[in-house]
$ cat target_28.json   # JSON, C-alpha atoms and all ligand atoms
[["chain", "number", "residue", "atom", "x", "y", "z"],
["T", 505, "MET", "CA", 110.51, 52.24, 119.40],
["T", 506, "LEU", "CA", 112.49, 55.36, 120.25],
["T", 507, "LYS", "CA", 109.83, 56.50, 122.67],
["T", 508, "GLU", "CA", 109.78, 53.13, 124.47],
["T", 509, "ASN", "CA", 113.57, 53.03, 124.56],
["T", 510, "LEU", "CA", 113.73, 56.49, 126.04],
["T", 511, "GLU", "CA", 111.05, 55.82, 128.63],
["T", 512, "ASN", "CA", 112.72, 52.58, 129.58],
["T", 513, "ILE", "CA", 116.10, 54.29, 130.06],
["T", 514, "LEU", "CA", 114.58, 57.16, 132.05],
["T", 515, "LYS", "CA", 112.87, 54.65, 134.31],
["T", 516, "ARG", "CA", 116.07, 52.67, 134.85],
["T", 517, "ILE", "CA", 117.95, 55.87, 135.69],
["T", 518, "GLN", "CA", 115.28, 56.91, 138.18],
["T", 519, "ILE", "CA", 115.04, 53.54, 139.88],
["T", 520, "THR", "CA", 118.81, 53.30, 140.23],
["T", 521, "ALA", "CA", 119.05, 56.86, 141.53],
["T", 522, "ILE", "CA", 116.33, 56.23, 144.10],
["T", 523, "ASN", "CA", 118.09, 53.06, 145.24],
["T", 524, "CYS", "CA", 121.31, 55.02, 145.67],
["T", 525, "ASP", "CA", 120.31, 58.24, 147.37],
["T", 526, "GLY", "CA", 116.53, 58.28, 147.50],
["T", 527, "ASN", "CA", 116.35, 61.08, 144.96],
["T", 528, "ALA", "CA", 114.98, 60.35, 141.47],
["T", 529, "GLU", "CA", 116.22, 63.72, 140.29],
["T", 530, "SER", "CA", 119.90, 63.41, 141.17],
["T", 531, "VAL", "CA", 120.86, 61.99, 137.76],
["T", 532, "ARG", "CA", 120.20, 63.62, 134.39],
["T", 533, "LEU", "CA", 120.19, 61.92, 131.02],
["T", 534, "VAL", "CA", 122.34, 63.26, 128.21],
["T", 535, "ALA", "CA", 120.87, 61.63, 125.08],
["T", 536, "VAL", "CA", 123.85, 61.11, 122.78],
["T", 537, "THR", "CA", 122.87, 62.00, 119.23],
["T", 538, "LYS", "CA", 126.14, 61.84, 117.28],
["T", 539, "THR", "CA", 125.36, 60.45, 113.80],
["T", 540, "VAL", "CA", 121.61, 60.55, 114.61],
["T", 541, "PRO", "CA", 119.72, 62.66, 112.05],
["T", 542, "ALA", "CA", 117.80, 65.74, 113.17],
["T", 543, "HIS", "CA", 114.36, 64.23, 112.55],
["T", 544, "ARG", "CA", 115.10, 61.47, 115.04],
["T", 545, "VAL", "CA", 116.41, 63.98, 117.57],
["T", 546, "LYS", "CA", 113.13, 65.80, 117.11],
["T", 547, "ASP", "CA", 111.27, 62.56, 117.89],
["T", 548, "ALA", "CA", 113.35, 62.25, 121.07],
["T", 549, "ILE", "CA", 112.51, 65.83, 122.06],
["T", 550, "GLU", "CA", 108.84, 65.12, 121.56],
["T", 551, "ALA", "CA", 109.21, 61.97, 123.64],
["T", 552, "GLY", "CA", 110.64, 64.03, 126.52],
["T", 553, "ALA", "CA", 114.44, 64.17, 126.22],
["T", 554, "THR", "CA", 115.83, 67.58, 127.16],
["T", 555, "ILE", "CA", 119.64, 67.33, 127.04],
["T", 556, "PHE", "CA", 121.56, 66.16, 123.98],
["T", 557, "GLY", "CA", 125.21, 65.21, 123.61],
["T", 558, "GLU", "CA", 127.12, 65.75, 120.36],
["T", 559, "SER", "CA", 130.70, 64.85, 119.45],
["T", 560, "TYR", "CA", 131.38, 66.46, 116.09],
["T", 561, "VAL", "CA", 131.27, 70.21, 115.67],
["T", 562, "GLN", "CA", 130.11, 70.46, 112.06],
["T", 563, "GLU", "CA", 127.40, 67.85, 112.45],
["T", 564, "ALA", "CA", 126.18, 69.44, 115.67],
["T", 565, "ARG", "CA", 126.09, 72.91, 114.15],
["T", 566, "ASP", "CA", 123.72, 71.85, 111.39],
["T", 567, "LYS", "CA", 121.50, 69.89, 113.75],
["T", 568, "ILE", "CA", 121.30, 72.59, 116.41],
["T", 569, "ARG", "CA", 120.36, 75.11, 113.75],
["T", 570, "GLU", "CA", 117.66, 72.82, 112.38],
["T", 571, "LEU", "CA", 116.21, 72.25, 115.85],
["T", 572, "SER", "CA", 116.58, 75.80, 117.13],
["T", 573, "ALA", "CA", 112.84, 76.11, 117.73],
["T", 574, "TYR", "CA", 113.12, 73.71, 120.66],
["T", 575, "ALA", "CA", 114.24, 74.84, 124.11],
["T", 576, "VAL", "CA", 116.63, 71.96, 124.73],
["T", 577, "SER", "CA", 120.16, 71.92, 126.06],
["T", 578, "TRP", "CA", 123.19, 70.85, 124.00],
["T", 579, "HIS", "CA", 126.31, 69.36, 125.55],
["T", 580, "PHE", "CA", 129.60, 68.84, 123.72],
["T", 581, "ILE", "CA", 131.12, 65.46, 124.61],
["T", 582, "GLY", "CA", 133.67, 64.82, 121.85],
["T", 583, "THR", "CA", 137.37, 65.47, 121.50],
["T", 584, "LEU", "CA", 137.84, 69.18, 121.04],
["T", 585, "GLN", "CA", 140.62, 70.92, 119.14],
["T", 586, "SER", "CA", 141.41, 74.48, 120.17],
["T", 587, "ASN", "CA", 140.63, 75.82, 116.69],
["T", 588, "LYS", "CA", 137.01, 74.62, 117.06],
["T", 589, "ALA", "CA", 136.50, 76.17, 120.50],
["T", 590, "LYS", "CA", 134.93, 79.22, 118.91],
["T", 591, "TYR", "CA", 132.00, 77.23, 117.50],
["T", 592, "VAL", "CA", 131.57, 75.05, 120.54],
["T", 593, "VAL", "CA", 131.33, 78.04, 122.88],
["T", 594, "LYS", "CA", 128.60, 79.53, 120.69],
["T", 595, "LEU", "CA", 126.55, 76.35, 120.52],
["T", 596, "PHE", "CA", 126.85, 74.41, 123.77],
["T", 597, "ASP", "CA", 125.68, 74.89, 127.36],
["T", 598, "LEU", "CA", 128.21, 72.45, 128.80],
["T", 599, "ILE", "CA", 131.50, 71.13, 127.41],
["T", 600, "HIS", "CA", 132.34, 67.74, 128.99],
["T", 601, "SER", "CA", 135.72, 67.20, 127.35],
["T", 602, "VAL", "CA", 138.16, 69.89, 128.47],
["T", 603, "ASP", "CA", 141.49, 68.21, 129.18],
["T", 604, "SER", "CA", 144.20, 70.87, 128.99],
["T", 605, "VAL", "CA", 144.88, 74.38, 130.23],
["T", 606, "LYS", "CA", 145.61, 75.38, 126.65],
["T", 607, "LEU", "CA", 142.15, 74.34, 125.51],
["T", 608, "ALA", "CA", 140.53, 76.00, 128.52],
["T", 609, "MET", "CA", 142.41, 79.19, 127.74],
["T", 610, "GLU", "CA", 141.03, 79.23, 124.21],
["T", 611, "ILE", "CA", 137.50, 78.50, 125.45],
["T", 612, "ASN", "CA", 137.84, 81.34, 127.93],
["T", 613, "LYS", "CA", 138.97, 83.70, 125.19],
["T", 614, "GLN", "CA", 136.08, 82.79, 122.92],
["T", 615, "ALA", "CA", 133.55, 82.99, 125.76],
["T", 616, "GLU", "CA", 134.82, 86.43, 126.71],
["T", 617, "LYS", "CA", 134.32, 87.60, 123.12],
["T", 618, "ILE", "CA", 130.62, 86.79, 123.23],
["T", 619, "GLY", "CA", 130.07, 87.76, 126.87],
["T", 620, "LYS", "CA", 129.37, 84.23, 128.08],
["T", 621, "ILE", "CA", 130.40, 82.26, 131.15],
["T", 622, "GLN", "CA", 131.06, 78.84, 129.66],
["T", 623, "ASP", "CA", 130.31, 75.85, 131.87],
["T", 624, "ILE", "CA", 132.81, 73.02, 131.48],
["T", 625, "LEU", "CA", 133.79, 69.65, 132.93],
["T", 626, "ILE", "CA", 137.36, 68.44, 133.15],
["T", 627, "GLN", "CA", 137.79, 65.13, 131.32],
["T", 628, "VAL", "CA", 140.00, 62.77, 133.31],
["T", 629, "ASN", "CA", 141.75, 59.70, 131.90],
["T", 630, "VAL", "CA", 141.34, 57.73, 135.12],
["T", 631, "ALA", "CA", 142.80, 54.48, 133.78],
["T", 632, "GLY", "CA", 145.75, 56.26, 132.17],
["T", 633, "GLU", "CA", 145.07, 54.70, 128.75],
["T", 634, "PRO", "CA", 147.64, 56.13, 126.32],
["T", 635, "GLN", "CA", 145.30, 56.40, 123.31],
["T", 636, "LYS", "CA", 142.52, 58.17, 125.20],
["T", 637, "SER", "CA", 141.73, 61.84, 125.75],
["T", 638, "GLY", "CA", 141.63, 63.21, 129.26],
["T", 639, "ILE", "CA", 144.11, 64.66, 131.69],
["T", 640, "SER", "CA", 145.80, 62.25, 134.10],
["T", 641, "SER", "CA", 144.39, 62.22, 137.63],
["T", 642, "VAL", "CA", 147.61, 63.51, 139.16],
["T", 643, "LYS", "CA", 147.54, 66.66, 137.03],
["T", 644, "THR", "CA", 143.96, 67.69, 137.75],
["T", 645, "LEU", "CA", 144.65, 69.90, 140.77],
["T", 646, "GLU", "CA", 147.24, 71.90, 138.88],
["T", 647, "MET", "CA", 144.87, 72.28, 135.92],
["T", 648, "LEU", "CA", 142.00, 73.39, 138.15],
["T", 649, "LYS", "CA", 144.17, 76.00, 139.82],
["T", 650, "ALA", "CA", 145.07, 77.44, 136.43],
["T", 651, "VAL", "CA", 141.50, 77.31, 135.06],
["T", 652, "SER", "CA", 140.07, 78.91, 138.20],
["T", 653, "LYS", "CA", 141.74, 82.15, 137.09],
["T", 654, "PHE", "CA", 139.79, 82.26, 133.83],
["T", 655, "GLU", "CA", 136.88, 84.60, 134.37],
["T", 656, "ASN", "CA", 134.70, 83.33, 131.53],
["T", 657, "ILE", "CA", 134.83, 79.67, 132.53],
["T", 658, "SER", "CA", 132.92, 77.92, 135.29],
["T", 659, "VAL", "CA", 134.11, 74.40, 136.14],
["T", 660, "LYS", "CA", 131.13, 72.26, 137.15],
["T", 661, "GLY", "CA", 132.74, 68.88, 137.68],
["T", 662, "LEU", "CA", 134.57, 65.94, 136.12],
["T", 663, "MET", "CA", 133.95, 63.55, 133.24],
["T", 664, "THR", "CA", 135.48, 60.19, 132.40],
["T", 665, "MET", "CA", 135.32, 57.37, 129.85],
["T", 666, "PRO", "CA", 136.66, 54.19, 131.47],
["T", 667, "PRO", "CA", 138.14, 51.34, 129.42],
["T", 668, "TYR", "CA", 135.51, 49.26, 127.65],
["T", 669, "PHE", "CA", 134.40, 46.01, 129.31],
["T", 670, "ASN", "CA", 131.53, 43.63, 128.53],
["T", 671, "ASP", "CA", 130.84, 43.43, 132.24],
["T", 672, "PRO", "CA", 129.89, 46.83, 133.70],
["T", 673, "GLU", "CA", 131.11, 45.77, 137.14],
["T", 674, "ARG", "CA", 134.63, 45.95, 135.74],
["T", 675, "ALA", "CA", 134.16, 49.61, 134.83],
["T", 676, "ARG", "CA", 132.91, 50.41, 138.29],
["T", 677, "PRO", "CA", 136.31, 50.86, 140.01],
["T", 678, "PHE", "CA", 137.08, 53.62, 137.49],
["T", 679, "PHE", "CA", 133.83, 55.43, 138.26],
["T", 680, "LYS", "CA", 134.65, 55.12, 141.93],
["T", 681, "GLN", "CA", 138.11, 56.58, 141.30],
["T", 682, "LEU", "CA", 136.58, 59.60, 139.58],
["T", 683, "ARG", "CA", 134.28, 60.23, 142.55],
["T", 684, "GLN", "CA", 137.14, 59.86, 145.01],
["T", 685, "LEU", "CA", 139.27, 62.21, 142.93],
["T", 686, "ARG", "CA", 136.43, 64.76, 142.91],
["T", 687, "ASN", "CA", 136.08, 64.52, 146.69],
["T", 688, "LYS", "CA", 139.81, 64.98, 147.18],
["T", 689, "LEU", "CA", 139.92, 67.96, 144.81],
["T", 690, "GLN", "CA", 136.95, 69.58, 146.56],
["T", 691, "LYS", "CA", 138.85, 69.44, 149.80],
["T", 692, "GLU", "CA", 142.08, 70.75, 148.31],
["T", 693, "LEU", "CA", 140.34, 73.56, 146.45],
["T", 694, "SER", "CA", 138.32, 74.71, 149.44],
["T", 695, "ASP", "CA", 141.62, 75.51, 151.16],
["T", 696, "LEU", "CA", 142.68, 77.76, 148.30],
["T", 697, "SER", "CA", 141.22, 81.23, 148.35],
["T", 698, "SER", "CA", 141.85, 81.56, 144.60],
["T", 699, "ALA", "CA", 139.81, 78.47, 143.76],
["T", 700, "GLY", "CA", 137.45, 78.06, 146.69],
["T", 701, "HIS", "CA", 134.47, 78.91, 144.49],
["T", 702, "ILE", "CA", 134.85, 75.79, 142.32],
["T", 703, "ARG", "CA", 132.31, 73.19, 143.48],
["T", 704, "LEU", "CA", 132.63, 70.17, 141.17],
["T", 705, "ASP", "CA", 129.06, 68.98, 141.74],
["T", 706, "GLU", "CA", 128.78, 67.13, 138.44],
["T", 707, "LEU", "CA", 130.18, 63.70, 137.60],
["T", 708, "SER", "CA", 129.62, 62.80, 133.94],
["T", 709, "MET", "CA", 130.12, 59.06, 133.66],
["T", 710, "GLY", "CA", 128.29, 55.99, 132.38],
["T", 711, "MET", "CA", 127.08, 55.06, 128.90],
["T", 712, "THR", "CA", 124.68, 52.43, 127.47],
["T", 713, "GLY", "CA", 126.56, 49.42, 128.85],
["T", 714, "ASP", "CA", 127.44, 50.67, 132.30],
["T", 715, "PHE", "CA", 125.32, 53.64, 133.39],
["T", 716, "GLU", "CA", 123.75, 51.85, 136.34],
["T", 717, "ALA", "CA", 127.20, 51.04, 137.77],
["T", 718, "ALA", "CA", 128.14, 54.70, 137.23],
["T", 719, "ILE", "CA", 125.04, 55.93, 139.08],
["T", 720, "HIS", "CA", 125.92, 53.65, 141.99],
["T", 721, "GLU", "CA", 129.27, 55.46, 142.13],
["T", 722, "GLY", "CA", 127.77, 58.93, 142.08],
["T", 723, "ALA", "CA", 127.15, 59.92, 138.43],
["T", 724, "THR", "CA", 125.00, 63.02, 138.01],
["T", 725, "LEU", "CA", 125.07, 63.00, 134.18],
["T", 726, "VAL", "CA", 124.88, 59.77, 132.17],
["T", 727, "ARG", "CA", 125.61, 59.86, 128.43],
["T", 728, "ILE", "CA", 123.50, 57.32, 126.57],
["T", 729, "GLY", "CA", 123.18, 56.83, 122.82],
["T", 730, "THR", "CA", 122.82, 53.25, 121.62],
["T", 731, "ALA", "CA", 120.15, 52.18, 124.14],
["T", 732, "ILE", "CA", 117.92, 55.01, 122.92],
["T", 733, "PHE", "CA", 118.65, 55.37, 119.21],
["T", 734, "GLY", "CA", 120.00, 51.89, 118.35],
["T", 735, "GLU", "CA", 123.42, 51.02, 116.97],
["T", 736, "ARG", "CA", 125.14, 53.91, 115.21],
["T", 737, "VAL", "CA", 125.69, 53.49, 111.48],
["P", 1, "LIG", "C1", 129.18, 57.99, 121.83],
["P", 1, "LIG", "C2", 129.44, 58.41, 123.23],
["P", 1, "LIG", "C3", 128.59, 58.03, 124.29],
["P", 1, "LIG", "C4", 127.38, 57.14, 124.11],
["P", 1, "LIG", "O1", 127.75, 55.79, 124.03],
["P", 1, "LIG", "P1", 126.64, 54.64, 123.94],
["P", 1, "LIG", "O2", 127.41, 53.41, 124.26],
["P", 1, "LIG", "O3", 126.09, 54.66, 122.56],
["P", 1, "LIG", "O4", 125.60, 54.92, 124.95],
["P", 1, "LIG", "C5", 128.89, 58.52, 125.55],
["P", 1, "LIG", "N1", 129.94, 59.32, 125.78],
["P", 1, "LIG", "C6", 130.78, 59.70, 124.79],
["P", 1, "LIG", "C7", 131.91, 60.59, 125.11],
["P", 1, "LIG", "C8", 130.56, 59.25, 123.49],
["P", 1, "LIG", "O5", 131.41, 59.61, 122.53]]

$ encode --input "target_28.json" --output "structure tokens"
Amino acid sequence: MLKENLENILKRIQITAINCDGNAESVRLVAVTKTVPAHRVKDAIEAGATIFGESYVQEARDKIRELSAYAVSWHFIGTLQSNKAKYVVKLFDLIHSVDSVKLAMEINKQAEKIGKIQDILIQVNVAGEPQKSGISSVKTLEMLKAVSKFENISVKGLMTMPPYFNDPERARPFFKQLRQLRNKLQKELSDLSSAGHIRLDELSMGMTGDFEAAIHEGATLVRIGTAIFGERV
């Protein structure tokens, strides 16, 4: 079941990517394993998944330890409190959910302690939903300028979670807004000598219900849980 689900999703990602830019490799799957037990993550590794997304620090810590024999990549996608930054920096290759200078500063400090350059994405609340994490679009340039001074952080791109809709076409304008914001920021940053090195290649957007729409709008990382592992319990 899991194997078929995974193969089916990988195929859909590839076909959509080829239709968009002719390149099957332009989009990578982050298999979201929050609440999924380690033995099922192991099955997914054996079926070919290579990047895993986790949302809860304690749960991820145990799982990553249990699966440490496998050369896979772990991404942190959940809401992150500054006091947990220490653990996240130790465990994860990419943090998708950085949404304040304060949090970035703490990540930088922890990364410096262990001699790591931590890759991050800036999470943007494109729709401006009050209950959601993410920095507002209008504040992203200012945040990037500040974060560009942190020597132990490398900003790789942007992430968003649009409002939930049954129809993925309704999420699409928000994906498009994230891409347009990225393009605008790239231009603005290239004019700044202090931040000209930030490239923002990655766009993390799209989940089970809407990843194809996200790929059409330029996603490079799609975060998919339910379609691979089934409904979370
Ligand atoms: C849980 C989660 C996902 C995966 O959602 P599915 O609908 O199960 O594919 C993606 N991104 C984030 C940030 C999540 O928390």

$ residues_around --input "target_28.json" --residues "stretch 680-696 of chain T" --least-positions-apart "5" --cutoff "12 Å" --atoms "only C-alpha atoms" --output "MDAnalysis selection string"
chainID T and resid 625:632 640:650 652 659:666 673:675 701:710 717:724

$ residues_near_ligand --input "target_28.json" --ligand "ligand LIG 1 (chain P)" --cutoff "6 Å" --atoms "all atoms listed in the file" --output "PyMOL selection string"
chain T and resi 536+581-582+711-712+727-730

$ axis_aligned_box --input "target_28.json" --around "stretch 620-630 of chain T" --padding-each-side "5 Å" --output "lines of an AutoDock Vina configuration file"
center_x = 135.6
center_y = 71.0
center_z = 131.6
size_x = 22.4
size_y = 36.5
size_z = 17.0

$ residues_around --input "target_28.json" --residues "stretch 513-518 of chain T" --least-positions-apart "6" --cutoff "8 Å" --atoms "only C-alpha atoms" --output "PyMOL selection string"
chain T and resi 528-529+531+533+716+719+731-732

$ write_last_selection --input "target_28.json" --atoms "C-alpha atoms" --output "CSV table (one decimal), in the frame of the given file"
chain,number,residue,atom,x,y,z
T,528,ALA,CA,115.0,60.4,141.5
T,529,GLU,CA,116.2,63.7,140.3
T,531,VAL,CA,120.9,62.0,137.8
T,533,LEU,CA,120.2,61.9,131.0
T,716,GLU,CA,123.8,51.8,136.3
T,719,ILE,CA,125.0,55.9,139.1
T,731,ALA,CA,120.2,52.2,124.1
T,732,ILE,CA,117.9,55.0,122.9

$ atom_distance --input "target_28.json" --atom1 "atom CA of T:Ile657" --atom2 "atom CA of T:Gln622"
4.8 Å

$ atom_distance --input "target_28.json" --atom1 "atom CA of T:Asn612" --atom2 "atom CA of T:Lys653"
10.0 Å

$ closest_residue --input "target_28.json" --among "T:Lys507, T:Arg736, T:Lys620, T:Lys613" --to "T:Gly552" --atoms "only C-alpha atoms"
T:Lys507

$ atom_distance --input "target_28.json" --atom1 "atom CA of T:Pro634" --atom2 "atom CA of T:Ala608"
21.2 Å

$ closest_residue --input "target_28.json" --among "T:Lys636, T:Ala535, T:Glu735, T:Val545" --to "T:Glu570" --atoms "all atoms listed in the file"
T:Val545

$ closest_residue --input "target_28.json" --among "T:Ile621, T:Val605, T:Leu506, T:Val592" --to "T:Glu563" --atoms "all atoms listed in the file"
T:Val592

$ residues_around --input "target_28.json" --residues "stretch 669-671 of chain T" --least-positions-apart "5" --cutoff "10 Å" --atoms "all atoms listed in the file" --output "MDAnalysis selection string"
chainID T and resid 676 713:714

$ closest_residue --input "target_28.json" --among "T:Ala548, T:Val602, T:Leu725, T:Ile624" --to "T:Glu508" --atoms "all atoms listed in the file"
T:Ala548

$ residues_near_point --input "target_28.json" --point "(130.8, 68.8, 124.3)" --cutoff "12 Å" --atoms "all atoms listed in the file" --output "number ranges by chain"
T: 534, 536-538, 555-561, 564-565, 577-585, 588-589, 591-603, 611, 622-627, 663, 708, 727

$ decode --input "target_28.json" --residues "stretch 581-591 of chain T" --atoms "all heavy atoms" --output "PDB file, in the first residue's frame"
ATOM      1  N   ILE T 581       9.336  21.120   9.513  1.00  0.00           N
ATOM      2  CA  ILE T 581       8.281  21.901   8.853  1.00  0.00           C
ATOM      3  C   ILE T 581       7.260  22.489   9.828  1.00  0.00           C
ATOM      4  O   ILE T 581       6.326  23.163   9.418  1.00  0.00           O
ATOM      5  CB  ILE T 581       7.545  21.048   7.787  1.00  0.00           C
ATOM      6  CG1 ILE T 581       6.809  19.860   8.430  1.00  0.00           C
ATOM      7  CG2 ILE T 581       8.519  20.549   6.709  1.00  0.00           C
ATOM      8  CD1 ILE T 581       5.913  19.105   7.449  1.00  0.00           C
ATOM      9  N   GLY T 582       7.424  22.215  11.116  1.00  0.00           N
ATOM     10  CA  GLY T 582       6.421  22.650  12.095  1.00  0.00           C
ATOM     11  C   GLY T 582       6.708  24.024  12.674  1.00  0.00           C
ATOM     12  O   GLY T 582       7.735  24.638  12.402  1.00  0.00           O
ATOM     13  N   THR T 583       5.792  24.486  13.502  1.00  0.00           N
ATOM     14  CA  THR T 583       6.005  25.741  14.223  1.00  0.00           C
ATOM     15  C   THR T 583       7.162  25.555  15.189  1.00  0.00           C
ATOM     16  O   THR T 583       7.219  24.554  15.902  1.00  0.00           O
ATOM     17  CB  THR T 583       4.722  26.114  15.001  1.00  0.00           C
ATOM     18  OG1 THR T 583       3.650  26.177  14.072  1.00  0.00           O
ATOM     19  CG2 THR T 583       4.878  27.462  15.683  1.00  0.00           C
ATOM     20  N   LEU T 584       8.064  26.515  15.177  1.00  0.00           N
ATOM     21  CA  LEU T 584       9.276  26.364  15.987  1.00  0.00           C
ATOM     22  C   LEU T 584       9.397  27.478  17.025  1.00  0.00           C
ATOM     23  O   LEU T 584       9.365  28.658  16.688  1.00  0.00           O
ATOM     24  CB  LEU T 584      10.500  26.365  15.057  1.00  0.00           C
ATOM     25  CG  LEU T 584      11.882  26.232  15.712  1.00  0.00           C
ATOM     26  CD1 LEU T 584      11.972  24.988  16.579  1.00  0.00           C
ATOM     27  CD2 LEU T 584      12.968  26.208  14.639  1.00  0.00           C
ATOM     28  N   GLN T 585       9.508  27.066  18.285  1.00  0.00           N
ATOM     29  CA  GLN T 585       9.777  28.024  19.355  1.00  0.00           C
ATOM     30  C   GLN T 585      11.296  28.182  19.503  1.00  0.00           C
ATOM     31  O   GLN T 585      12.034  27.203  19.342  1.00  0.00           O
ATOM     32  CB  GLN T 585       9.216  27.494  20.677  1.00  0.00           C
ATOM     33  CG  GLN T 585       7.911  28.139  21.104  1.00  0.00           C
ATOM     34  CD  GLN T 585       6.711  27.369  20.605  1.00  0.00           C
ATOM     35  OE1 GLN T 585       6.646  26.154  20.774  1.00  0.00           O
ATOM     36  NE2 GLN T 585       5.782  28.067  19.972  1.00  0.00           N
ATOM     37  N   SER T 586      11.717  29.383  19.840  1.00  0.00           N
ATOM     38  CA  SER T 586      13.154  29.646  19.956  1.00  0.00           C
ATOM     39  C   SER T 586      13.862  28.681  20.908  1.00  0.00           C
ATOM     40  O   SER T 586      14.999  28.278  20.659  1.00  0.00           O
ATOM     41  CB  SER T 586      13.397  31.072  20.441  1.00  0.00           C
ATOM     42  OG  SER T 586      13.022  31.982  19.446  1.00  0.00           O
ATOM     43  N   ASN T 587      13.174  28.288  21.989  1.00  0.00           N
ATOM     44  CA  ASN T 587      13.852  27.408  22.960  1.00  0.00           C
ATOM     45  C   ASN T 587      14.084  25.989  22.449  1.00  0.00           C
ATOM     46  O   ASN T 587      14.788  25.210  23.077  1.00  0.00           O
ATOM     47  CB  ASN T 587      13.104  27.397  24.304  1.00  0.00           C
ATOM     48  CG  ASN T 587      11.681  26.885  24.178  1.00  0.00           C
ATOM     49  OD1 ASN T 587      11.192  26.640  23.069  1.00  0.00           O
ATOM     50  ND2 ASN T 587      11.015  26.708  25.287  1.00  0.00           N
ATOM     51  N   LYS T 588      13.497  25.655  21.282  1.00  0.00           N
ATOM     52  CA  LYS T 588      13.733  24.337  20.684  1.00  0.00           C
ATOM     53  C   LYS T 588      14.745  24.405  19.533  1.00  0.00           C
ATOM     54  O   LYS T 588      15.088  23.387  18.943  1.00  0.00           O
ATOM     55  CB  LYS T 588      12.423  23.750  20.145  1.00  0.00           C
ATOM     56  CG  LYS T 588      11.327  23.548  21.190  1.00  0.00           C
ATOM     57  CD  LYS T 588      11.524  22.228  21.924  1.00  0.00           C
ATOM     58  CE  LYS T 588      10.537  22.038  23.068  1.00  0.00           C
ATOM     59  NZ  LYS T 588       9.154  21.884  22.622  1.00  0.00           N
ATOM     60  N   ALA T 589      15.193  25.598  19.221  1.00  0.00           N
ATOM     61  CA  ALA T 589      16.079  25.779  18.061  1.00  0.00           C
ATOM     62  C   ALA T 589      17.328  24.907  18.175  1.00  0.00           C
ATOM     63  O   ALA T 589      17.815  24.348  17.192  1.00  0.00           O
ATOM     64  CB  ALA T 589      16.462  27.247  17.926  1.00  0.00           C
ATOM     65  N   LYS T 590      17.817  24.797  19.390  1.00  0.00           N
ATOM     66  CA  LYS T 590      19.008  24.013  19.667  1.00  0.00           C
ATOM     67  C   LYS T 590      18.911  22.576  19.129  1.00  0.00           C
ATOM     68  O   LYS T 590      19.822  22.069  18.492  1.00  0.00           O
ATOM     69  CB  LYS T 590      19.162  23.995  21.185  1.00  0.00           C
ATOM     70  CG  LYS T 590      20.291  23.231  21.743  1.00  0.00           C
ATOM     71  CD  LYS T 590      20.298  23.434  23.257  1.00  0.00           C
ATOM     72  CE  LYS T 590      21.021  22.307  23.941  1.00  0.00           C
ATOM     73  NZ  LYS T 590      20.832  22.392  25.402  1.00  0.00           N
ATOM     74  N   TYR T 591      17.774  21.942  19.387  1.00  0.00           N
ATOM     75  CA  TYR T 591      17.580  20.555  18.942  1.00  0.00           C
ATOM     76  C   TYR T 591      17.386  20.489  17.441  1.00  0.00           C
ATOM     77  O   TYR T 591      17.909  19.599  16.768  1.00  0.00           O
ATOM     78  CB  TYR T 591      16.364  19.942  19.649  1.00  0.00           C
ATOM     79  CG  TYR T 591      16.457  20.054  21.148  1.00  0.00           C
ATOM     80  CD1 TYR T 591      15.655  20.939  21.862  1.00  0.00           C
ATOM     81  CD2 TYR T 591      17.398  19.292  21.853  1.00  0.00           C
ATOM     82  CE1 TYR T 591      15.766  21.057  23.230  1.00  0.00           C
ATOM     83  CE2 TYR T 591      17.512  19.405  23.225  1.00  0.00           C
ATOM     84  CZ  TYR T 591      16.694  20.295  23.911  1.00  0.00           C
ATOM     85  OH  TYR T 591      16.813  20.419  25.265  1.00  0.00           O
TER      86      TYR T 591
END
